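Raw entry_24.pdb, PDB, C-alpha atoms:
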```pdb
ATOM      1  CA  MET A1275     -28.160   1.457 -73.405
ATOM      2  CA  THR A1276     -30.825   4.100 -73.320
ATOM      3  CA  HIS A1277     -34.275   3.465 -71.840
ATOM      4  CA  THR A1278     -37.261   5.532 -72.905
ATOM      5  CA  VAL A1279     -39.803   6.199 -70.216
ATOM      6  CA  THR A1280     -43.338   7.181 -71.298
ATOM      7  CA  THR A1281     -45.092   9.399 -68.818
ATOM      8  CA  PRO A1282     -48.892   8.970 -68.805
ATOM      9  CA  ALA A1283     -50.918  12.069 -69.461
ATOM     10  CA  ALA A1284     -52.195  13.638 -66.306
ATOM     11  CA  PRO A1285     -55.960  13.754 -66.011
ATOM     12  CA  PRO A1286     -57.426  17.192 -66.573
ATOM     13  CA  GLY A1287     -57.733  19.083 -63.369
ATOM     14  CA  PRO A1288     -59.597  22.197 -62.422
ATOM     15  CA  GLY A1289     -56.875  24.416 -63.841
ATOM     16  CA  ARG A1290     -56.153  22.430 -66.974
ATOM     17  CA  PRO A1291     -58.250  22.675 -70.149
ATOM     18  CA  ARG A1292     -59.994  19.482 -71.278
ATOM     19  CA  THR A1293     -58.849  18.307 -74.687
ATOM     20  CA  PRO A1294     -61.924  17.902 -76.967
ATOM     21  CA  ASP A1295     -62.545  14.410 -78.248
ATOM     22  CA  PRO A1296     -62.400  14.507 -82.071
ATOM     23  CA  ARG A1297     -64.851  11.621 -82.269
ATOM     24  CA  ARG A1298     -67.613  13.739 -80.747
ATOM     25  CA  ARG A1299     -67.562  16.364 -83.481
ATOM     26  CA  PRO A1300     -69.179  14.215 -86.216
ATOM     27  CA  ARG A1301     -71.800  13.034 -83.741
ATOM     28  CA  ALA A1302     -72.632  16.584 -82.679
ATOM     29  CA  THR A1303     -72.794  17.713 -86.306
ATOM     30  CA  ALA A1304     -75.118  14.843 -87.244
ATOM     31  CA  ARG A1305     -77.272  15.588 -84.212
ATOM     32  CA  ARG A1306     -77.602  19.241 -85.200
ATOM     33  CA  ARG A1307     -78.516  18.241 -88.743
ATOM     34  CA  GLU A1308     -81.201  15.873 -87.487
ATOM     35  CA  LEU A1309     -82.649  18.555 -85.212
ATOM     36  CA  GLY A1310     -82.565  21.076 -88.052
ATOM     37  CA  ALA A1311     -84.315  18.687 -90.442
ATOM     38  CA  ALA A1312     -86.938  17.823 -87.822
ATOM     39  CA  GLY A1313     -87.516  21.505 -87.112
ATOM     40  CA  ALA A1314     -87.885  22.301 -90.814
ATOM     41  CA  LEU A1315     -90.407  19.482 -91.272
ATOM     42  CA  MET A1316     -92.408  20.348 -88.152
ATOM     43  CA  THR A1317     -92.514  24.106 -88.707
ATOM     44  CA  PRO A1318     -95.445  24.028 -91.184
ATOM     45  CA  PHE A1319     -97.429  21.819 -88.811
ATOM     46  CA  PHE A1320     -96.916  24.099 -85.832
ATOM     47  CA  ALA A1321     -97.634  27.163 -87.965
ATOM     48  CA  LEU A1322    -100.967  25.686 -89.063
ATOM     49  CA  LEU A1323    -101.703  24.541 -85.508
ATOM     50  CA  VAL A1324    -101.217  28.053 -84.199
ATOM     51  CA  ALA A1325    -103.086  29.717 -87.084
ATOM     52  CA  VAL A1326    -106.149  27.477 -87.343
ATOM     53  CA  PHE A1327    -106.501  26.149 -83.782
ATOM     54  CA  LEU A1328    -104.687  27.972 -80.995
ATOM     55  CA  ILE A1329    -105.470  31.503 -82.148
ATOM     56  CA  PRO A1330    -109.203  30.801 -82.770
ATOM     57  CA  VAL A1331    -109.489  28.989 -79.444
ATOM     58  CA  GLY A1332    -107.766  31.843 -77.657
ATOM     59  CA  ALA A1333    -110.047  34.359 -79.371
ATOM     60  CA  ALA A1334    -113.130  32.342 -78.395
ATOM     61  CA  VAL A1335    -112.025  32.118 -74.768
ATOM     62  CA  TRP A1336    -111.324  35.855 -74.684
ATOM     63  CA  LEU A1337    -114.636  36.693 -76.343
ATOM     64  CA  SER A1338    -116.585  34.497 -73.946
ATOM     65  CA  PHE A1339    -115.681  36.763 -71.017
ATOM     66  CA  PHE A1340    -117.103  39.888 -72.627
ATOM     67  CA  GLY A1341    -120.563  41.019 -73.652
ATOM     68  CA  ALA A1342    -122.262  43.980 -75.293
ATOM     69  CA  ASN A1343    -124.450  46.172 -73.087
ATOM     70  CA  GLU A1344    -126.711  49.011 -74.135
ATOM     71  CA  PRO A1345    -126.641  52.146 -71.988
ATOM     72  CA  GLY A1346    -129.731  53.561 -70.336
ATOM     73  CA  LEU A1347    -133.019  52.641 -71.994
ATOM     74  CA  GLY A1348    -131.354  51.175 -75.025
ATOM     75  CA  PHE A1349    -130.487  54.448 -76.736
ATOM     76  CA  GLY A1350    -126.927  55.002 -77.825
ATOM     77  CA  PRO A1351    -124.153  52.758 -79.031
ATOM     78  CA  GLU A1352    -123.393  49.429 -77.423
ATOM     79  CA  HIS A1353    -120.211  49.073 -75.447
ATOM     80  CA  THR A1354    -118.295  45.937 -74.521
ATOM     81  CA  VAL A1355    -117.990  45.081 -70.842
ATOM     82  CA  PHE A1356    -116.370  42.269 -68.899
ATOM     83  CA  VAL A1357    -119.038  39.769 -67.806
ATOM     84  CA  GLY A1358    -116.855  37.017 -66.345
ATOM     85  CA  LEU A1359    -118.505  33.595 -66.310
ATOM     86  CA  ARG A1360    -121.993  34.898 -67.031
ATOM     87  CA  ASP A1361    -122.150  33.400 -70.516
ATOM     88  CA  TYR A1362    -120.849  30.055 -69.294
ATOM     89  CA  ALA A1363    -123.530  29.958 -66.610
ATOM     90  CA  ALA A1364    -126.151  30.824 -69.236
ATOM     91  CA  VAL A1365    -124.968  28.029 -71.526
ATOM     92  CA  LEU A1366    -124.761  25.358 -68.833
ATOM     93  CA  THR A1367    -128.236  26.217 -67.495
ATOM     94  CA  ASP A1368    -129.917  26.559 -70.887
ATOM     95  CA  PRO A1369    -132.197  23.524 -71.412
ATOM     96  CA  THR A1370    -131.913  23.857 -75.197
ATOM     97  CA  PHE A1371    -128.117  23.489 -75.080
ATOM     98  CA  LEU A1372    -128.309  20.572 -72.661
ATOM     99  CA  GLY A1373    -131.003  19.029 -74.851
ATOM    100  CA  GLY A1374    -128.684  19.401 -77.837
ATOM    101  CA  LEU A1375    -125.983  17.503 -75.954
ATOM    102  CA  GLY A1376    -128.535  14.779 -75.265
ATOM    103  CA  VAL A1377    -129.433  14.581 -78.951
ATOM    104  CA  VAL A1378    -125.767  14.303 -79.901
ATOM    105  CA  ALA A1379    -125.283  11.587 -77.270
ATOM    106  CA  LEU A1380    -128.196   9.594 -78.728
ATOM    107  CA  TYR A1381    -126.834  10.147 -82.217
ATOM    108  CA  ALA A1382    -123.382   8.904 -81.138
ATOM    109  CA  VAL A1383    -124.783   5.808 -79.416
ATOM    110  CA  ILE A1384    -126.500   4.794 -82.661
ATOM    111  CA  TYR A1385    -124.037   6.039 -85.250
ATOM    112  CA  ILE A1386    -120.594   5.061 -83.917
ATOM    113  CA  PRO A1387    -121.256   1.319 -83.440
ATOM    114  CA  VAL A1388    -123.087   1.087 -86.786
ATOM    115  CA  ILE A1389    -120.390   2.845 -88.819
ATOM    116  CA  VAL A1390    -117.467   1.043 -87.152
ATOM    117  CA  VAL A1391    -118.969  -2.452 -87.322
ATOM    118  CA  ALA A1392    -120.337  -2.057 -90.860
ATOM    119  CA  SER A1393    -117.155  -0.589 -92.333
ATOM    120  CA  LEU A1394    -115.010  -3.205 -90.548
ATOM    121  CA  ALA A1395    -117.236  -6.025 -91.809
ATOM    122  CA  LEU A1396    -116.991  -4.765 -95.387
ATOM    123  CA  ALA A1397    -113.208  -4.390 -95.117
ATOM    124  CA  LEU A1398    -112.869  -7.944 -93.776
ATOM    125  CA  LEU A1399    -115.098  -9.209 -96.578
ATOM    126  CA  LEU A1400    -112.963  -7.521 -99.229
ATOM    127  CA  ASP A1401    -109.740  -8.688 -97.607
ATOM    128  CA  SER A1402    -110.922 -12.300 -97.467
ATOM    129  CA  GLY A1403    -111.154 -12.486-101.244
ATOM    130  CA  ALA A1404    -114.764 -13.677-101.141
ATOM    131  CA  ALA A1405    -116.013 -10.503-102.826
ATOM    132  CA  LYS A1406    -115.842 -10.392-106.607
ATOM    133  CA  LEU A1407    -114.623  -7.337-108.514
ATOM    134  CA  ARG A1408    -112.883  -6.022-105.419
ATOM    135  CA  SER A1409    -111.663  -2.761-106.995
ATOM    136  CA  TRP A1410    -115.116  -1.908-108.318
ATOM    137  CA  ALA A1411    -116.660  -2.704-104.945
ATOM    138  CA  GLN A1412    -114.229  -0.354-103.209
ATOM    139  CA  LEU A1413    -114.960   2.392-105.731
ATOM    140  CA  GLY A1414    -118.724   1.971-105.427
ATOM    141  CA  LEU A1415    -118.592   2.115-101.640
ATOM    142  CA  PHE A1416    -116.211   5.075-101.592
ATOM    143  CA  LEU A1417    -118.104   7.230-104.132
ATOM    144  CA  PRO A1418    -120.742   8.505-101.631
ATOM    145  CA  HIS A1419    -117.902   9.978 -99.552
ATOM    146  CA  ALA A1420    -116.913  12.105-102.556
ATOM    147  CA  VAL A1421    -120.352  13.753-102.462
ATOM    148  CA  PRO A1422    -120.265  16.925-100.311
ATOM    149  CA  GLY A1423    -122.230  16.641 -97.100
ATOM    150  CA  ILE A1424    -124.645  19.409 -97.987
ATOM    151  CA  ILE A1425    -125.532  17.736-101.300
ATOM    152  CA  ALA A1426    -125.954  14.371 -99.569
ATOM    153  CA  ALA A1427    -128.333  15.985 -97.080
ATOM    154  CA  VAL A1428    -130.359  17.524 -99.925
ATOM    155  CA  ILE A1429    -130.592  14.151-101.708
ATOM    156  CA  TRP A1430    -131.799  12.356 -98.620
ATOM    157  CA  LEU A1431    -134.157  15.201 -97.723
ATOM    158  CA  TYR A1432    -135.828  14.608-101.077
ATOM    159  CA  LEU A1433    -136.100  10.896-100.266
ATOM    160  CA  TYR A1434    -137.484  11.611 -96.793
ATOM    161  CA  THR A1435    -140.101  14.265 -97.638
ATOM    162  CA  PRO A1436    -143.662  12.919 -98.018
ATOM    163  CA  GLY A1437    -145.419  13.799-101.264
ATOM    164  CA  ILE A1438    -142.266  13.890-103.390
ATOM    165  CA  SER A1439    -140.301  10.921-102.088
ATOM    166  CA  PRO A1440    -140.467   7.750-104.206
ATOM    167  CA  VAL A1441    -139.413   5.745-101.138
ATOM    168  CA  VAL A1442    -142.341   6.988 -99.055
ATOM    169  CA  ALA A1443    -144.694   6.406-101.991
ATOM    170  CA  LEU A1444    -143.399   2.846-102.396
ATOM    171  CA  PHE A1445    -144.030   2.099 -98.733
ATOM    172  CA  ALA A1446    -147.491   3.653 -99.007
ATOM    173  CA  GLN A1447    -148.382   1.330-101.883
ATOM    174  CA  GLY A1448    -147.576  -1.583 -99.603
ATOM    175  CA  GLY A1449    -149.797  -0.197 -96.869
ATOM    176  CA  ILE A1450    -146.893   0.965 -94.714
ATOM    177  CA  SER A1451    -146.902   4.519 -93.397
ATOM    178  CA  VAL A1452    -143.388   5.773 -92.684
ATOM    179  CA  ASP A1453    -142.504   9.239 -91.409
ATOM    180  CA  PHE A1454    -138.728   9.578 -91.683
ATOM    181  CA  LEU A1455    -138.870  13.066 -90.161
ATOM    182  CA  GLY A1456    -140.967  12.228 -87.113
ATOM    183  CA  VAL A1457    -140.002  12.802 -83.521
ATOM    184  CA  HIS A1458    -138.759   9.256 -82.978
ATOM    185  CA  THR A1459    -137.281   8.688 -86.445
ATOM    186  CA  VAL A1460    -135.444  11.900 -87.269
ATOM    187  CA  VAL A1461    -132.251  10.916 -85.431
ATOM    188  CA  PRO A1462    -132.044   7.487 -87.141
ATOM    189  CA  SER A1463    -132.696   9.276 -90.446
ATOM    190  CA  ILE A1464    -129.728  11.552 -89.829
ATOM    191  CA  VAL A1465    -127.642   8.515 -88.845
ATOM    192  CA  ASN A1466    -128.552   6.915 -92.176
ATOM    193  CA  ILE A1467    -127.222   9.963 -94.073
ATOM    194  CA  ALA A1468    -123.949   9.902 -92.141
ATOM    195  CA  VAL A1469    -123.497   6.157 -92.625
ATOM    196  CA  TRP A1470    -124.177   6.463 -96.362
ATOM    197  CA  SER A1471    -121.594   9.250 -96.641
ATOM    198  CA  ASN A1472    -118.789   7.855 -94.478
ATOM    199  CA  LEU A1473    -119.071   4.084 -94.758
ATOM    200  CA  GLY A1474    -116.777   3.814 -97.772
ATOM    201  CA  TYR A1475    -114.080   6.064 -96.315
ATOM    202  CA  ASN A1476    -113.817   4.127 -93.060
ATOM    203  CA  MET A1477    -113.880   0.862 -94.998
ATOM    204  CA  VAL A1478    -110.855   2.006 -97.015
ATOM    205  CA  VAL A1479    -109.012   2.862 -93.779
ATOM    206  CA  PHE A1480    -109.678  -0.607 -92.358
ATOM    207  CA  TYR A1481    -108.863  -2.320 -95.644
ATOM    208  CA  ALA A1482    -105.491  -0.535 -95.817
ATOM    209  CA  ALA A1483    -104.740  -1.662 -92.260
ATOM    210  CA  LEU A1484    -105.688  -5.236 -93.135
ATOM    211  CA  GLN A1485    -103.267  -5.208 -96.040
ATOM    212  CA  ALA A1486    -100.440  -4.671 -93.538
ATOM    213  CA  VAL A1487    -101.329  -7.802 -91.544
ATOM    214  CA  PRO A1488     -98.597 -10.424 -92.113
ATOM    215  CA  ARG A1489     -99.878 -13.093 -94.471
ATOM    216  CA  GLU A1490     -97.970 -15.804 -92.614
ATOM    217  CA  VAL A1491    -100.069 -15.128 -89.509
ATOM    218  CA  VAL A1492    -103.279 -15.645 -91.477
ATOM    219  CA  GLU A1493    -101.889 -18.762 -93.142
ATOM    220  CA  ALA A1494    -100.855 -20.170 -89.766
ATOM    221  CA  SER A1495    -104.380 -19.702 -88.405
ATOM    222  CA  VAL A1496    -105.832 -21.463 -91.449
ATOM    223  CA  MET A1497    -103.419 -24.355 -91.035
ATOM    224  CA  ASP A1498    -104.490 -24.623 -87.384
ATOM    225  CA  GLY A1499    -108.036 -25.214 -88.554
ATOM    226  CA  ALA A1500    -109.544 -21.746 -88.061
ATOM    227  CA  GLY A1501    -112.315 -20.860 -90.490
ATOM    228  CA  SER A1502    -112.609 -17.597 -92.381
ATOM    229  CA  VAL A1503    -114.973 -16.014 -89.851
ATOM    230  CA  ARG A1504    -112.873 -17.029 -86.868
ATOM    231  CA  THR A1505    -109.705 -15.821 -88.594
ATOM    232  CA  ALA A1506    -111.338 -12.466 -89.288
ATOM    233  CA  VAL A1507    -112.672 -12.007 -85.750
ATOM    234  CA  ARG A1508    -109.894 -13.550 -83.647
ATOM    235  CA  ILE A1509    -106.799 -12.854 -85.744
ATOM    236  CA  LYS A1510    -107.237  -9.927 -88.126
ATOM    237  CA  THR A1511    -109.439  -7.661 -86.016
ATOM    238  CA  PRO A1512    -107.122  -7.570 -82.940
ATOM    239  CA  LEU A1513    -104.138  -6.831 -85.179
ATOM    240  CA  ILE A1514    -105.767  -3.663 -86.574
ATOM    241  CA  ARG A1515    -107.040  -2.426 -83.211
ATOM    242  CA  PRO A1516    -105.129   0.897 -83.492
ATOM    243  CA  SER A1517    -106.978   1.668 -86.735
ATOM    244  CA  ILE A1518    -110.311   0.804 -85.120
ATOM    245  CA  VAL A1519    -109.575   3.122 -82.219
ATOM    246  CA  LEU A1520    -108.512   5.881 -84.606
ATOM    247  CA  VAL A1521    -111.695   5.598 -86.673
ATOM    248  CA  ALA A1522    -113.853   5.532 -83.542
ATOM    249  CA  MET A1523    -112.053   8.605 -82.203
ATOM    250  CA  PHE A1524    -112.483  10.638 -85.371
ATOM    251  CA  THR A1525    -116.106   9.508 -85.646
ATOM    252  CA  LEU A1526    -116.767  10.654 -82.088
ATOM    253  CA  ILE A1527    -115.241  14.064 -82.777
ATOM    254  CA  GLY A1528    -117.288  14.428 -85.962
ATOM    255  CA  THR A1529    -120.425  13.374 -84.097
ATOM    256  CA  LEU A1530    -120.044  16.185 -81.586
ATOM    257  CA  GLN A1531    -119.896  18.644 -84.498
ATOM    258  CA  LEU A1532    -123.252  17.559 -85.974
ATOM    259  CA  PHE A1533    -124.553  20.481 -88.006
ATOM    260  CA  THR A1534    -125.069  20.121 -91.775
ATOM    261  CA  GLU A1535    -127.688  17.367 -91.910
ATOM    262  CA  PRO A1536    -130.060  18.667 -89.194
ATOM    263  CA  MET A1537    -129.601  22.249 -90.422
ATOM    264  CA  LEU A1538    -130.941  21.360 -93.870
ATOM    265  CA  ILE A1539    -133.550  18.856 -92.741
ATOM    266  CA  GLY A1540    -134.847  21.400 -90.249
ATOM    267  CA  GLN A1541    -136.045  23.527 -93.179
ATOM    268  CA  SER A1542    -138.725  20.901 -93.940
ATOM    269  CA  THR A1543    -139.828  19.677 -90.534
ATOM    270  CA  PRO A1544    -140.621  21.365 -87.199
ATOM    271  CA  THR A1545    -139.124  18.356 -85.424
ATOM    272  CA  ILE A1546    -135.689  19.905 -85.709
ATOM    273  CA  SER A1547    -135.394  23.263 -83.985
ATOM    274  CA  HIS A1548    -132.776  25.946 -84.562
ATOM    275  CA  ARG A1549    -130.893  24.643 -81.507
ATOM    276  CA  PHE A1550    -131.157  20.945 -82.265
ATOM    277  CA  SER A1551    -127.435  20.272 -81.718
ATOM    278  CA  PRO A1552    -124.682  22.205 -79.899
ATOM    279  CA  SER A1553    -123.244  23.425 -83.210
ATOM    280  CA  MET A1554    -126.670  24.689 -84.283
ATOM    281  CA  TYR A1555    -127.018  26.370 -80.880
ATOM    282  CA  ILE A1556    -123.718  28.171 -81.468
ATOM    283  CA  TYR A1557    -124.784  29.217 -84.969
ATOM    284  CA  ASP A1558    -128.131  30.509 -83.705
ATOM    285  CA  ALA A1559    -126.540  32.443 -80.846
ATOM    286  CA  ALA A1560    -124.001  34.130 -83.119
ATOM    287  CA  PHE A1561    -125.946  34.855 -86.299
ATOM    288  CA  SER A1562    -129.600  34.924 -85.218
ATOM    289  CA  ARG A1563    -129.331  36.523 -81.771
ATOM    290  CA  ASP A1564    -126.061  38.431 -82.341
ATOM    291  CA  ASN A1565    -124.776  37.186 -78.980
ATOM    292  CA  TYR A1566    -121.172  36.395 -79.822
ATOM    293  CA  GLY A1567    -120.135  36.043 -76.190
ATOM    294  CA  LEU A1568    -122.730  33.324 -75.637
ATOM    295  CA  ALA A1569    -121.697  31.598 -78.869
ATOM    296  CA  ALA A1570    -118.046  31.713 -77.838
ATOM    297  CA  ALA A1571    -118.839  30.285 -74.403
ATOM    298  CA  ALA A1572    -120.856  27.454 -75.968
ATOM    299  CA  SER A1573    -117.960  26.767 -78.352
ATOM    300  CA  VAL A1574    -115.494  26.523 -75.466
ATOM    301  CA  VAL A1575    -117.831  24.188 -73.566
ATOM    302  CA  LEU A1576    -118.205  21.984 -76.651
ATOM    303  CA  LEU A1577    -114.423  21.948 -77.097
ATOM    304  CA  ALA A1578    -113.955  20.932 -73.459
ATOM    305  CA  VAL A1579    -116.474  18.093 -73.852
ATOM    306  CA  THR A1580    -114.710  16.910 -77.013
ATOM    307  CA  ILE A1581    -111.285  16.922 -75.362
ATOM    308  CA  ALA A1582    -112.593  15.141 -72.263
ATOM    309  CA  LEU A1583    -114.301  12.399 -74.263
ATOM    310  CA  SER A1584    -111.289  11.951 -76.545
ATOM    311  CA  TYR A1585    -108.981  11.672 -73.549
ATOM    312  CA  GLY A1586    -111.317   9.196 -71.881
ATOM    313  CA  VAL A1587    -111.516   7.004 -74.991
ATOM    314  CA  THR A1588    -107.719   7.081 -75.337
ATOM    315  CA  ARG A1589    -107.132   6.093 -71.723
ATOM    316  CA  TRP A1590    -109.742   3.355 -71.895
ATOM    317  CA  THR A1591    -108.289   1.844 -75.064
ATOM    318  CA  ASN A1592    -104.750   2.004 -73.670
ATOM    319  CA  ARG A1593    -105.816   0.188 -70.510
ATOM    320  CA  ALA A1594    -107.726  -2.392 -72.541
ATOM    321  CA  ALA A1595    -104.679  -2.954 -74.740
ATOM    322  CA  ALA A1596    -102.383  -3.257 -71.715
ATOM    323  CA  SER A1597    -104.696  -5.776 -70.024
ATOM    324  CA  GLY A1598    -104.981  -7.758 -73.253
ATOM    325  CA  ASP A1599    -101.211  -7.901 -73.657
ATOM    326  CA  ALA A1600    -100.795  -8.937 -70.058
ATOM    327  CA  ALA A1601    -103.343 -11.711 -70.482
TER
END
```
Turn this file's structure into structure tokens for me.
Amino acid sequence: MTHTVTTPAAPPGPGRPRTPDPRRRPRATARRRELGAAGALMTPFFALLVAVFLIPVGAAVWLSFFGANEPGLGFGPEHTVFVGLRDYAAVLTDPTFLGGLGVVALYAVIYIPVIVVASLALALLLDSGAAKLRSWAQLGLFLPHAVPGIIAAVIWLYLYTPGISPVVALFAQGGISVDFLGVHTVVPSIVNIAVWSNLGYNMVVFYAALQAVPREVVEASVMDGAGSVRTAVRIKTPLIRPSIVLVAMFTLIGTLQLFTEPMLIGQSTPTISHRFSPSMYIYDAAFSRDNYGLAAAASVVLLAVTIALSYGVTRWTNRAAASGDAA
């Protein structure tokens, strides 16, 4: 009788080649395909990021360290010299630039809460079903956003200007004197233009987020005895908190870039100077004073402020969300 003895394969040692596992080949191939597909999809994004953001930012930073000097008594061609942080020091000590930051801060304090609360309230109203002709209401609220900002500013400038404004004339007939372009009212007037233009867009964002809220959650709150207002405030609003944060973030970034409305309104009132906001300061430095180094330095400072505020809002919302989940 013959016995067959099976000898187990010796484990691979330092001098023996490791036999490749055939099961790993499909996994590696699938992994490479996934990486290739992700790279192909992300390439346009990174190309645009480099072309429209990184290169301009790098050029602005480079330009901010150089300035044009005239030789002698001003005769002869200008030549570019390295000035270091001179332009940054000029920007950060210029009271007009700091005043522009203060104006933007006041504008943000008024505008951001108004636009977020109003657009969220309208979205909750439409989502509740209480509003009639919901599609027409959405269209009517969204139409102002389709109007370009410069045209919207011209329309409201007509409504703000005394002597030609029917709104001012109507108030005057009632014995009320209103100066929409006064020192204390010009910022709220600009806020009104921005709210009129962007209310419908933000409402659509919130309404789309509300449509993703599970209906069974809303029905459960109703069965527990919660009214429509309580359901909207305590149930729906916390569930769309990421959308609220996103809208607030984009609104903050747009607020720091305030330019179109005060630029046009400033043509009709001395209340708004050529350096009313940081963006107007940059425009004036570059195209009125031909000081591109100063304009570049102001742009970099404004970018740094925007990044810092955006990072702060993100960290604050993340901590608030974490504390809420823990509670």
request  = Kindly give the distance, in Å, that separates atom CA of Gly1374 of chain A and atom CA of Ser1551 of chain A, rounded to a single decimal.
outcome  =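 So the two atoms, atom CA of Gly1374 of chain A and atom CA of Ser1551 of chain A, lie 4.2 Å apart.
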request  = Taking the file as shown, find all residues satisfying the PyMOL selection byres ((chain A and resi 1357-1366) around 7) and write them as a PyMOL selection string.
outcome  = chain A and resi 1338-1341+1355-1356+1367-1368+1371+1567-1568+1571-1572
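A straight line drawn from atom CA of Val1519 of chain A to atom CA of Ser1553 of chain A is 24.5 Å long.
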request  = Please identify all polymer residues within 7 Å of segment 1511-1517 of chain A, counting only C-alpha atoms, omitting same-chain residues fewer than 3 positions from it, and present them as a ChimeraX atom specification.
outcome  = /A:1480,1483-1484,1506-1508,1520-1521
Long-range neighbours of Tyr1432 of chain A as a compact mmCIF listing (two decimals) with C-alpha atoms, in the coordinates of the input, 12 Å cut-off, only C-alpha atoms, 3 positions minimum in chain:
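Writing the result to result.txt gives the following:
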```txt
# COMPACT_ATOMS: atom_id res chain seq x y z
CA ILE A 1425 -125.53 17.74 -101.30
CA ALA A 1426 -125.95 14.37 -99.57
CA ALA A 1427 -128.33 15.98 -97.08
CA VAL A 1428 -130.36 17.52 -99.92
CA ILE A 1429 -130.59 14.15 -101.71
CA THR A 1435 -140.10 14.26 -97.64
CA PRO A 1436 -143.66 12.92 -98.02
CA GLY A 1437 -145.42 13.80 -101.26
CA ILE A 1438 -142.27 13.89 -103.39
CA SER A 1439 -140.30 10.92 -102.09
CA PRO A 1440 -140.47 7.75 -104.21
CA VAL A 1441 -139.41 5.74 -101.14
CA VAL A 1442 -142.34 6.99 -99.06
CA PHE A 1454 -138.73 9.58 -91.68
CA LEU A 1455 -138.87 13.07 -90.16
CA LEU A 1538 -130.94 21.36 -93.87
CA ILE A 1539 -133.55 18.86 -92.74
CA GLN A 1541 -136.04 23.53 -93.18
CA SER A 1542 -138.72 20.90 -93.94
```
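Atom CA of Thr1534 of chain A sits 12.2 Å away from atom CA of Val1465 of chain A.
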inquiry  = Need to verify the contact set: Ala1559 of chain A, 6 Å, all atoms listed in the file, exclusion of same-chain residues closer than 4 positions in sequence. Can you return it as a PyMOL selection string?
reply    = chain A and resi 1563+1565+1569
message = What's around Ile1389 of chain A at 8 Å? Count all atoms listed in the file, leave out sequence neighbours fewer than 3 positions away in its own chain, and write the answer as a list in words.
response =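 Here the answer would be Tyr1385, Ile1386, Ala1392, Ser1393, Val1469, Asn1472, Leu1473 and Asn1476 of chain A.
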query = Any idea what's packed within 9 Å of segment 1456-1462 of chain A, counting all atoms listed in the file, ignoring anything in its chain fewer than 3 positions away? Could you give it as number ranges by chain?
reply = A: 1377, 1380-1381, 1384-1385, 1452-1453, 1465-1467, 1536, 1543, 1545-1546
Just so I have it separately, write segment 1355-1367 of chain A from the block I sent, keeping N, CA and C atoms, as a PDB file, in the first residue's frame.
```pdb
ATOM      1  N   VAL A1355      10.971  99.213  -8.728  1.00  0.00           N
ATOM      2  CA  VAL A1355      11.921  98.884  -7.671  1.00  0.00           C
ATOM      3  C   VAL A1355      11.214  98.065  -6.607  1.00  0.00           C
ATOM      4  N   PHE A1356      11.993  97.303  -5.867  1.00  0.00           N
ATOM      5  CA  PHE A1356      11.452  96.504  -4.769  1.00  0.00           C
ATOM      6  C   PHE A1356      11.227  97.406  -3.556  1.00  0.00           C
ATOM      7  N   VAL A1357       9.978  97.414  -3.047  1.00  0.00           N
ATOM      8  CA  VAL A1357       9.632  98.292  -1.932  1.00  0.00           C
ATOM      9  C   VAL A1357       9.288  97.509  -0.672  1.00  0.00           C
ATOM     10  N   GLY A1358       9.319  96.185  -0.733  1.00  0.00           N
ATOM     11  CA  GLY A1358       9.043  95.390   0.455  1.00  0.00           C
ATOM     12  C   GLY A1358       7.613  95.537   0.937  1.00  0.00           C
ATOM     13  N   LEU A1359       7.454  95.809   2.214  1.00  0.00           N
ATOM     14  CA  LEU A1359       6.128  95.916   2.834  1.00  0.00           C
ATOM     15  C   LEU A1359       5.617  97.349   2.880  1.00  0.00           C
ATOM     16  N   ARG A1360       6.196  98.227   2.074  1.00  0.00           N
ATOM     17  CA  ARG A1360       5.787  99.627   2.131  1.00  0.00           C
ATOM     18  C   ARG A1360       4.315  99.812   1.780  1.00  0.00           C
ATOM     19  N   ASP A1361       3.855  99.136   0.744  1.00  0.00           N
ATOM     20  CA  ASP A1361       2.459  99.280   0.339  1.00  0.00           C
ATOM     21  C   ASP A1361       1.514  98.695   1.372  1.00  0.00           C
ATOM     22  N   TYR A1362       1.912  97.603   2.004  1.00  0.00           N
ATOM     23  CA  TYR A1362       1.065  97.034   3.056  1.00  0.00           C
ATOM     24  C   TYR A1362       0.955  97.988   4.241  1.00  0.00           C
ATOM     25  N   ALA A1363       2.062  98.618   4.604  1.00  0.00           N
ATOM     26  CA  ALA A1363       2.017  99.586   5.697  1.00  0.00           C
ATOM     27  C   ALA A1363       1.140 100.782   5.327  1.00  0.00           C
ATOM     28  N   ALA A1364       1.209 101.198   4.057  1.00  0.00           N
ATOM     29  CA  ALA A1364       0.374 102.318   3.612  1.00  0.00           C
ATOM     30  C   ALA A1364      -1.107 101.961   3.653  1.00  0.00           C
ATOM     31  N   VAL A1365      -1.436 100.735   3.274  1.00  0.00           N
ATOM     32  CA  VAL A1365      -2.840 100.313   3.283  1.00  0.00           C
ATOM     33  C   VAL A1365      -3.355 100.218   4.710  1.00  0.00           C
ATOM     34  N   LEU A1366      -2.607  99.570   5.585  1.00  0.00           N
ATOM     35  CA  LEU A1366      -3.081  99.329   6.943  1.00  0.00           C
ATOM     36  C   LEU A1366      -3.089 100.581   7.807  1.00  0.00           C
ATOM     37  N   THR A1367      -2.431 101.650   7.374  1.00  0.00           N
ATOM     38  CA  THR A1367      -2.458 102.915   8.109  1.00  0.00           C
ATOM     39  C   THR A1367      -3.296 103.976   7.414  1.00  0.00           C
TER      40      THR A1367
END
```
